[in-house]
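Chemist: Structure file upload.txt (compact mmCIF, C-alpha atoms) is given on the next line.
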# COMPACT_ATOMS: atom_id res chain seq x y z
CA MET U 173 55.38 -21.26 5.20
CA ALA U 174 58.05 -18.87 6.38
CA LYS U 175 57.88 -17.70 9.92
CA ARG U 176 57.31 -13.98 10.32
CA SER U 177 60.11 -12.30 12.18
CA ALA U 178 59.17 -10.27 15.25
CA GLN U 179 60.34 -6.99 13.73
CA GLU U 180 58.16 -7.22 10.61
CA PRO U 181 54.84 -5.42 11.12
CA LEU U 182 51.57 -7.09 10.13
CA ASN U 183 50.58 -5.73 6.74
CA VAL U 184 46.84 -5.21 6.53
CA PRO U 185 45.69 -3.84 3.16
CA MET U 186 43.57 -0.91 4.30
CA ALA U 187 42.68 0.71 0.98
CA PRO U 188 40.56 -2.13 -0.52
CA MET U 189 38.89 -2.65 2.84
CA ILE U 190 37.81 0.97 2.90
CA ASP U 191 36.59 0.59 -0.70
CA VAL U 192 34.35 -2.26 0.31
CA VAL U 193 33.06 -0.41 3.35
CA PHE U 194 32.16 2.57 1.18
CA GLN U 195 30.36 0.29 -1.25
CA LEU U 196 28.32 -1.16 1.57
CA LEU U 197 27.60 2.30 2.92
CA ILE U 198 26.34 3.49 -0.46
CA TYR U 199 24.20 0.38 -0.83
CA PHE U 200 22.51 0.85 2.53
CA VAL U 201 22.02 4.57 2.04
CA LEU U 202 20.31 3.92 -1.30
CA THR U 203 18.11 1.13 -0.03
CA PHE U 204 17.08 2.87 3.18
CA LYS U 205 13.46 3.88 3.22
CA GLN U 206 11.47 5.02 6.16
CA GLU U 207 8.47 2.77 6.50
CA ILE U 208 5.14 4.47 6.97
CA PRO U 209 2.85 2.56 9.32
CA GLU U 210 -0.12 1.59 7.22
CA ALA U 211 -3.59 0.73 8.46
CA HIS U 212 -6.11 -1.17 6.39
CA LEU U 213 -9.80 -0.32 6.74
CA ALA U 214 -12.04 -3.16 5.63
CA VAL U 215 -15.25 -2.26 3.82
CA ASN U 216 -18.08 -4.14 2.20
CA LEU U 217 -18.77 -3.51 -1.43
CA PRO U 218 -22.21 -2.67 -2.72
CA SER U 219 -23.73 -5.95 -3.83
CA ARG U 220 -26.86 -6.99 -5.61
CA PRO U 221 -29.84 -7.12 -3.25
CA LYS U 222 -30.31 -10.58 -1.85
CA SER U 223 -33.51 -11.81 -0.34
CA PRO U 224 -33.59 -10.35 3.17
CA PRO U 225 -33.00 -12.83 5.98
CA PRO U 226 -36.08 -13.76 7.99
CA GLY U 227 -36.87 -11.84 11.14
CA THR U 228 -36.52 -8.18 11.87
CA PRO U 229 -34.04 -6.38 9.62
CA PRO U 230 -30.89 -5.25 11.42
CA PRO U 231 -30.66 -1.56 12.30
CA VAL U 232 -29.08 0.59 9.64
CA LEU U 233 -27.33 3.91 10.06
CA ASN U 234 -26.98 6.14 7.04
CA LEU U 235 -23.94 8.34 6.61
CA THR U 236 -23.38 10.57 3.64
CA VAL U 237 -20.09 12.03 2.51
CA GLN U 238 -20.41 15.12 0.37
CA PRO U 239 -17.49 17.21 -0.81
CA ARG U 240 -16.50 19.16 2.33
CA ALA U 241 -19.49 17.92 4.36
CA TYR U 242 -20.64 14.90 6.33
CA LEU U 243 -24.26 13.99 6.97
CA LEU U 244 -25.52 11.67 9.68
CA GLY U 245 -28.99 10.40 8.83
CA GLY U 246 -29.49 13.39 6.56
CA ALA U 247 -28.39 16.12 8.97
CA PRO U 248 -25.00 17.81 8.55
CA ILE U 249 -22.50 17.01 11.26
CA ALA U 250 -18.92 18.01 12.03
CA LEU U 251 -16.29 15.30 11.90
CA ASP U 252 -15.39 15.54 15.59
CA ARG U 253 -19.03 15.29 16.56
CA LEU U 254 -19.41 12.31 14.22
CA ARG U 255 -16.52 10.57 15.94
CA THR U 256 -18.10 10.90 19.38
CA GLU U 257 -21.55 9.91 18.07
CA LEU U 258 -20.13 6.78 16.47
CA LYS U 259 -18.20 5.91 19.65
CA GLU U 260 -21.42 6.14 21.67
CA LEU U 261 -23.29 4.11 19.10
CA GLY U 262 -20.57 1.46 19.01
CA ALA U 263 -20.72 1.12 22.78
CA LEU U 264 -24.47 0.55 22.62
CA ASN U 265 -24.79 -1.59 19.52
CA PRO U 266 -21.62 -2.63 17.69
CA ASP U 267 -23.54 -4.79 15.20
CA VAL U 268 -25.38 -1.93 13.58
CA THR U 269 -24.96 -1.82 9.81
CA ILE U 270 -23.48 1.41 8.54
CA VAL U 271 -24.23 2.49 5.02
CA ILE U 272 -21.85 5.17 3.83
CA GLN U 273 -23.02 6.94 0.73
CA VAL U 274 -20.21 8.83 -0.91
CA SER U 275 -20.51 11.52 -3.50
CA GLN U 276 -18.41 10.92 -6.59
CA SER U 277 -16.55 14.19 -6.17
CA ALA U 278 -15.77 13.73 -2.48
CA LYS U 279 -12.10 13.21 -1.68
CA ALA U 280 -10.74 9.83 -0.68
CA ASP U 281 -9.41 11.51 2.44
CA GLN U 282 -12.97 12.17 3.65
CA VAL U 283 -13.97 8.56 3.10
CA VAL U 284 -10.98 7.37 5.10
CA LYS U 285 -11.85 9.84 7.89
CA VAL U 286 -15.40 8.46 8.11
CA LEU U 287 -14.25 4.83 7.98
CA ASP U 288 -11.69 5.63 10.66
CA ALA U 289 -14.40 7.23 12.82
CA CYS U 290 -16.50 4.05 12.44
CA LYS U 291 -13.55 1.85 13.40
CA GLY U 292 -13.02 4.10 16.40
CA GLY U 293 -16.49 3.08 17.57
CA ASN U 294 -15.71 -0.62 16.95
CA LEU U 295 -18.27 -0.69 14.18
CA SER U 296 -17.31 -3.20 11.54
CA GLN U 297 -20.34 -3.54 9.28
CA LEU U 298 -19.32 -0.79 6.90
CA ASN U 299 -20.89 -0.62 3.48
CA LEU U 300 -19.72 1.82 0.87
CA MET U 301 -22.09 3.10 -1.76
CA THR U 302 -21.50 5.59 -4.50
CA LEU U 303 -24.01 8.35 -5.09
CA LYS U 304 -24.97 8.68 -8.71
CA MET J 2 56.14 -0.75 -30.50
CA LYS J 3 57.42 -4.25 -30.79
CA LYS J 4 56.63 -6.67 -28.04
CA ARG J 5 59.14 -9.21 -26.89
CA ALA J 6 58.03 -12.82 -27.30
CA GLU J 7 58.61 -13.70 -23.63
CA GLU J 8 56.42 -10.91 -22.28
CA THR J 9 52.89 -12.12 -21.64
CA LEU J 10 49.91 -9.87 -22.18
CA GLU J 11 48.73 -8.75 -18.75
CA THR J 12 45.08 -7.99 -18.36
CA PRO J 13 44.30 -5.56 -15.54
CA ILE J 14 41.97 -7.71 -13.46
CA THR J 15 41.48 -5.46 -10.43
CA PRO J 16 39.67 -2.51 -12.08
CA MET J 17 37.57 -5.00 -14.04
CA ILE J 18 36.39 -6.61 -10.83
CA ASP J 19 35.65 -3.18 -9.42
CA VAL J 20 33.40 -2.40 -12.36
CA VAL J 21 31.67 -5.76 -12.10
CA PHE J 22 30.90 -5.14 -8.43
CA GLN J 23 29.51 -1.73 -9.27
CA LEU J 24 27.22 -3.32 -11.84
CA ILE J 25 26.09 -6.00 -9.41
CA ILE J 26 25.23 -3.39 -6.79
CA PHE J 27 23.42 -1.28 -9.35
CA PHE J 28 21.24 -4.19 -10.45
CA VAL J 29 20.56 -5.35 -6.91
CA VAL J 30 19.42 -1.87 -5.95
CA SER J 31 17.24 -1.36 -9.01
CA ALA J 32 15.71 -4.84 -8.69
CA ALA J 33 14.82 -4.14 -5.06
CA GLN J 34 13.06 -0.98 -6.17
CA GLN J 35 11.15 -2.79 -8.88
CA GLN J 36 9.82 -5.33 -6.42
CA GLU J 37 8.42 -2.58 -4.27
CA LEU J 38 4.67 -2.54 -4.80
CA LEU J 39 4.08 0.80 -3.21
CA ASP J 40 3.69 3.85 -5.33
CA GLU J 41 5.84 6.57 -3.81
CA THR J 42 3.83 9.40 -5.31
CA ILE J 43 0.79 8.53 -3.22
CA LYS J 44 0.16 10.39 -0.01
CA LEU J 45 -2.22 8.30 2.04
CA ALA J 46 -4.99 9.80 4.12
CA LYS J 47 -4.34 9.78 7.85
CA ALA J 48 -6.27 7.61 10.27
CA GLN J 49 -6.10 8.07 14.02
CA GLU J 50 -8.32 5.35 15.48
CA ILE J 51 -6.92 2.22 13.94
CA GLY J 52 -3.50 0.64 14.36
CA ALA J 53 -1.05 -0.46 11.71
CA VAL J 54 -1.41 -3.87 10.09
CA SER J 55 0.98 -6.32 11.68
CA LYS J 56 0.96 -9.11 9.13
CA LYS J 57 -0.24 -9.10 5.60
CA ASP J 58 -1.82 -11.91 3.63
CA PRO J 59 0.76 -12.91 0.98
CA ARG J 60 -2.01 -13.14 -1.61
CA THR J 61 -2.93 -9.48 -1.17
CA VAL J 62 -3.36 -7.49 -4.36
CA THR J 63 -2.41 -3.87 -3.80
CA ILE J 64 -3.93 -1.35 -6.16
CA ASN J 65 -2.59 2.19 -6.10
CA VAL J 66 -4.83 5.08 -7.09
CA ARG J 67 -3.00 8.33 -7.71
CA GLN J 68 -4.33 11.79 -7.18
CA ASP J 69 -5.11 12.19 -10.87
CA GLY J 70 -7.20 9.01 -10.70
CA SER J 71 -4.86 6.69 -12.58
CA ALA J 72 -4.70 3.18 -11.14
CA ASN J 73 -1.62 1.00 -11.05
CA ILE J 74 -0.39 -2.24 -9.59
CA ALA J 75 3.33 -2.27 -8.71
CA ASN J 76 3.76 0.96 -10.69
CA GLN J 77 2.35 -0.69 -13.79
CA PRO J 78 -0.36 1.65 -15.06
CA LEU J 79 -3.63 -0.11 -15.78
CA ARG J 80 -6.80 0.71 -17.58
CA GLN J 81 -10.14 -0.59 -16.34
CA PRO J 82 -10.30 -3.77 -18.54
CA GLN J 83 -6.70 -4.72 -17.68
CA LEU J 84 -7.43 -4.23 -14.00
CA GLU J 85 -10.47 -6.49 -14.26
CA ASN J 86 -8.41 -9.15 -16.02
CA ILE J 87 -5.75 -9.11 -13.33
CA LEU J 88 -8.35 -9.35 -10.59
CA ARG J 89 -10.08 -12.22 -12.37
CA ALA J 90 -6.73 -13.98 -12.69
CA ALA J 91 -6.14 -13.46 -8.98
CA ARG J 92 -9.54 -14.95 -8.28
CA THR J 93 -8.95 -18.07 -10.37
CA GLU J 94 -5.56 -18.53 -8.76
CA PHE J 95 -6.38 -17.88 -5.11
CA GLY J 96 -10.18 -17.97 -4.78
CA THR J 97 -12.67 -15.26 -3.94
CA SER J 98 -11.20 -14.43 -0.53
CA VAL J 99 -8.18 -12.64 -1.99
CA PRO J 100 -7.72 -9.43 -0.01
CA ILE J 101 -7.59 -6.28 -2.09
CA VAL J 102 -5.89 -3.23 -0.64
CA ILE J 103 -6.66 0.07 -2.31
CA ARG J 104 -3.98 2.65 -1.60
CA CYS J 105 -5.64 5.82 -2.73
CA ASP J 106 -4.16 9.27 -2.55
CA ALA J 107 -5.88 11.46 0.04
CA GLY J 108 -6.60 14.04 -2.62
CA ALA J 109 -8.04 11.65 -5.20
CA GLU J 110 -11.73 11.99 -5.94
CA TYR J 111 -13.86 9.13 -4.69
CA ARG J 112 -15.17 8.25 -8.15
CA HIS J 113 -11.72 6.90 -9.07
CA VAL J 114 -11.76 4.67 -6.00
CA ALA J 115 -15.31 3.64 -6.83
CA LYS J 116 -14.19 2.59 -10.31
CA VAL J 117 -11.54 0.32 -8.82
CA MET J 118 -14.11 -1.11 -6.41
CA GLU J 119 -16.44 -1.72 -9.31
CA ALA J 120 -13.72 -3.72 -11.05
CA VAL J 121 -13.16 -5.69 -7.85
CA GLY J 122 -16.87 -6.41 -7.58
CA LYS J 123 -17.08 -7.45 -11.23
CA ALA J 124 -14.23 -9.90 -10.70
CA GLY J 125 -16.28 -11.49 -7.91
CA LEU J 126 -13.98 -10.46 -5.08
CA TYR J 127 -15.28 -8.92 -1.90
CA ARG J 128 -12.49 -8.44 0.65
CA VAL J 129 -11.66 -4.80 0.07
CA GLN J 130 -9.54 -2.71 2.38
CA ILE J 131 -8.66 0.93 2.06
CA ALA J 132 -5.16 1.84 3.17
CA ALA J 133 -4.45 4.79 5.44
CA GLU J 134 -1.42 6.14 7.18
CA THR J 135 -1.93 5.54 10.85
CA THR J 136 -0.85 7.94 13.54
CA LYS J 137 -1.88 5.67 16.39
For this file, write the structure as structure tokens.
Modeler:
Amino acid sequence: MAKRSAQEPLNVPMAPMIDVVFQLLIYFVLTFKQEIPEAHLAVNLPSRPKSPPPGTPPPVLNLTVQPRAYLLGGAPIALDRLRTELKELGALNPDVTIVIQVSQSAKADQVVKVLDACKGGNLSQLNLMTLK
Amino acid sequence: MKKRAEETLETPITPMIDVVFQLIIFFVVSAAQQQELLDETIKLAKAQEIGAVSKKDPRTVTINVRQDGSANIANQPLRQPQLENILRAARTEFGTSVPIVIRCDAGAEYRHVAKVMEAVGKAGLYRVQIAAETTK
């Protein structure tokens, strides 16, 4: 290999390098996607009635989701109030079974709000039922 | 024009390679989008009490329910019988403890979600989770 003389400048091919950099830039711009933090709320599905376990039946709390309304044990309740009620209940008895009856025409948003309120009270026995 | 016998035919390699790279990038990008299981048209409901999931079971079946009630898995639209078949297949492959995540649009009516849950129940699966966007 010939020895480079001191006067000769180092020839770096800039143009193709810039091409590649632009390619990479375009690739990353296209593939960039802001990730939305996603929470998963576990629910129990309605199942066929099994024979009840022996002993006293566990306490059950009934919640109803109607379009634009929430009912706690049959009485209408505001969502904020429901959150605090469920927090108090969860502090007393976290094992209580919650049965959430949802109207067919209620929005999924409402169901998530109620499930979220239950999780806020550390209640985990959540059963979803659909109102006919 | 007459070509001299000594002159070899020169193929322009450089622009060809450029085009090939463009194609490669195009296919890589579109394949990455196809693998994405999340339906971009869905706006999840917001939850404030529960934190984001840190790790996900690799067996998880994610079912998207759009605002108009149509269900899809990985942007593949599905009718009720197809959905049941897929869930049954998931059950035979991974057992009954396969987690099912339902990503339903906040504005979708609950009956559409209930239909998906019914299919899940029919397939004999029970681990159902409803996805929400968390603000915590």
Chemist: As a ChimeraX atom specification, please: the residues near Ala247 of chain U (cut-off 12 Å, all atoms listed in the file, same-chain neighbours under 2 positions excluded).
Modeler: /U:234-238,241-245,249-250,254
Chemist: For chain U, list the residues within 6 Å of chain J, counting all atoms listed in the file, and write the list as a list in words.
Modeler: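 Every residue of chain U that passes the 6 Å test is in Pro209, Glu210, Ala211, His212, Leu213, Ala214, Val215, Gln276, Ser277, Ala278, Lys279, Ala280, Asp281, Asp288 and Gly292 of chain U.
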Chemist: Smallest atom-to-atom distance to Ala124 of chain J: which of J:Leu88, J:Leu79, J:Val99, J:Ala72, using only C-alpha atoms?
Modeler: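 Nearest to Ala124 of chain J: J:Leu88.
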Chemist: Using all atoms listed in the file, can you list as a ChimeraX atom specification the residues within 8 Å of (-2.9, -1.9, -8.8)?
Modeler: /J:62-66,72-79,84,103
Chemist: Mind working out the centre and edge lengths of an axis-aligned box for segment 101-107 of chain J, all listed atoms inside, 8 Å added to each side, rounded to one decimal in Å and written as lines of an AutoDock Vina configuration file?
Modeler:
center_x = -5.8
center_y = 2.6
center_z = -1.3
size_x = 19.6
size_y = 33.7
size_z = 18.8
Chemist: Can you tell me how far atom CA of Glu207 of chain U sits from atom CA of Leu39 of chain J, in Å to one decimal?
Modeler: 10.8 Å
Chemist: Figure out the distance between atom CA of Gln273 of chain U and atom CA of Pro239 of chain U, please, to one decimal in Å.
Modeler: 11.8 Å
Chemist: Please supply segment 236-248 of chain U, rebuilt with N, CA and C atoms, as a CSV table (one decimal), keeping the file's coordinate frame.
Modeler:
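As written to disk, result.csv reads:
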chain,number,residue,atom,x,y,z
U,236,THR,N,-23.6,10.1,5.0
U,236,THR,CA,-23.4,10.6,3.6
U,236,THR,C,-22.1,11.4,3.7
U,237,VAL,N,-21.3,11.2,2.7
U,237,VAL,CA,-20.1,12.0,2.5
U,237,VAL,C,-20.2,12.9,1.3
U,238,GLN,N,-20.4,14.2,1.5
U,238,GLN,CA,-20.4,15.1,0.4
U,238,GLN,C,-19.1,15.8,0.3
U,239,PRO,N,-18.7,16.4,-0.8
U,239,PRO,CA,-17.5,17.2,-0.8
U,239,PRO,C,-17.6,18.3,0.3
U,240,ARG,N,-16.6,18.2,1.2
U,240,ARG,CA,-16.5,19.2,2.3
U,240,ARG,C,-17.7,19.1,3.3
U,241,ALA,N,-18.4,18.0,3.4
U,241,ALA,CA,-19.5,17.9,4.4
U,241,ALA,C,-19.8,16.5,4.7
U,242,TYR,N,-20.2,16.2,5.9
U,242,TYR,CA,-20.6,14.9,6.3
U,242,TYR,C,-22.1,15.0,6.8
U,243,LEU,N,-22.9,14.0,6.5
U,243,LEU,CA,-24.3,14.0,7.0
U,243,LEU,C,-24.5,12.7,7.7
U,244,LEU,N,-25.1,12.8,8.9
U,244,LEU,CA,-25.5,11.7,9.7
U,244,LEU,C,-27.0,11.6,9.6
U,245,GLY,N,-27.5,10.5,9.0
U,245,GLY,CA,-29.0,10.4,8.8
U,245,GLY,C,-29.6,11.6,8.2
U,246,GLY,N,-28.9,12.3,7.3
U,246,GLY,CA,-29.5,13.4,6.6
U,246,GLY,C,-29.2,14.8,7.1
U,247,ALA,N,-28.7,14.8,8.4
U,247,ALA,CA,-28.4,16.1,9.0
U,247,ALA,C,-26.9,16.4,9.0
U,248,PRO,N,-26.4,17.5,8.6
U,248,PRO,CA,-25.0,17.8,8.6
U,248,PRO,C,-24.4,17.7,9.9
